[in-house]
Amino acid sequence: MPPRRCDGLLRKFAAAPATEALVVESATTFVPAVVYLAFAETAGRAVFGHTGVAHGLLLASAGLATVLPLMSFGAATTRLPLSVLGFLQYINPAMQFLIGLFVLHESVSGARWAGSSLIWGALLLFCVGGLWHRPARIHVRDGGVGATHR
């Protein structure tokens with residue numbers, strides 16, 4: 001399950017270690033997932049265990065492959081400012097847009113271009129404003145004290 005937009009905020013305030021936060025998040029979705037799997041099995045739509053060993057192993061490994069990114073996301077939320085974390089959430093939609101446009105050659109309407117331009121323009125202003133108004137950091141170098149922008 002990919003991280004939702006509110007996960008960063010909730011994990012930032014919880015300040016729990018990545019492993020514990022992932023266990024709690026997984027535990028909250030366990031019961032609804034088991035109910036859905038039971039429903040799919042009784043409705044004859046279940047896939048796991050019905051399509052061969054190779055398919056079952058692929059499904060199981062897909063679950064394992066999500067653990068590292070989720071743990072990394074959980075660890076990052078306690079270390080990064082929420083503004084940076086929010087900005088990073090735009091990487092996935094941007095990659096999907098670029099893949100759709102340049103790799104799959106999908107058409108994009110004028111309204112979508114306008115909407116995307118407004119969003120990316122606002123993000124550009126946000127980044128420039130953050131760089132322009134970042135606070136000076138005091139450091140000690142060669143026995144003297146100086147201010148630098150980091």
# chains A, B, ... in the order shown; residues from 1 in each chain; ligands from 1
>>> closest_atom_pairs(of="range 18-39 of chain A", to="range 73-86 of chain A", cutoff="10 Å", atoms="only C-alpha atoms", output="tab-separated table")
residue	atom	partner	partner_atom	distance
A:Ala18	CA	A:Gly74	CA	4.7
A:Thr19	CA	A:Gly74	CA	7.9
A:Glu20	CA	A:Gly74	CA	9.4
A:Ala21	CA	A:Gly74	CA	7.0
A:Leu22	CA	A:Gly74	CA	7.3
>>> residues_around(residues="range 90-92 of chain A", least_positions_apart="4", cutoff="10 Å", atoms="only C-alpha atoms", output="list of chain:residue names")
A:Leu85, A:Gly86, A:Gln96, A:Phe97, A:Leu98, A:Ile119, A:Trp120, A:Leu123
>>> write_last_selection(atoms="N, CA and C atoms", output="JSON list (two decimals), in the first residue's frame")
[["chain", "number", "residue", "atom", "x", "y", "z"],
["A", 85, "LEU", "N", 9.10, 16.99, 2.96],
["A", 85, "LEU", "CA", 8.39, 15.73, 2.77],
["A", 85, "LEU", "C", 7.19, 15.92, 1.84],
["A", 86, "GLY", "N", 6.47, 17.00, 2.00],
["A", 86, "GLY", "CA", 5.34, 17.29, 1.12],
["A", 86, "GLY", "C", 5.78, 17.50, -0.31],
["A", 96, "GLN", "N", 4.98, 9.57, -13.28],
["A", 96, "GLN", "CA", 3.89, 8.95, -14.03],
["A", 96, "GLN", "C", 3.47, 9.82, -15.22],
["A", 97, "PHE", "N", 3.41, 11.12, -15.01],
["A", 97, "PHE", "CA", 3.05, 12.04, -16.08],
["A", 97, "PHE", "C", 4.08, 11.98, -17.22],
["A", 98, "LEU", "N", 5.36, 12.02, -16.85],
["A", 98, "LEU", "CA", 6.42, 11.99, -17.87],
["A", 98, "LEU", "C", 6.47, 10.65, -18.61],
["A", 119, "ILE", "N", 0.43, 23.92, -10.94],
["A", 119, "ILE", "CA", 0.99, 23.18, -9.80],
["A", 119, "ILE", "C", 2.51, 23.27, -9.78],
["A", 120, "TRP", "N", 3.15, 23.02, -10.93],
["A", 120, "TRP", "CA", 4.61, 23.05, -10.96],
["A", 120, "TRP", "C", 5.15, 24.47, -10.83],
["A", 123, "LEU", "N", 5.06, 25.07, -7.12],
["A", 123, "LEU", "CA", 6.17, 24.35, -6.47],
["A", 123, "LEU", "C", 7.51, 25.03, -6.71]]
>>> select_by_dssp(residues="range 23-115 of chain A", states="helix (DSSP H, G or I)", output="PyMOL selection string")
chain A and resi 23-42+53-65+67-79+82-88+91-103+110-115
>>> atom_distance(atom1="CA of Leu131 in chain A", atom2="CA of Ser116 in chain A")
22.5 Å
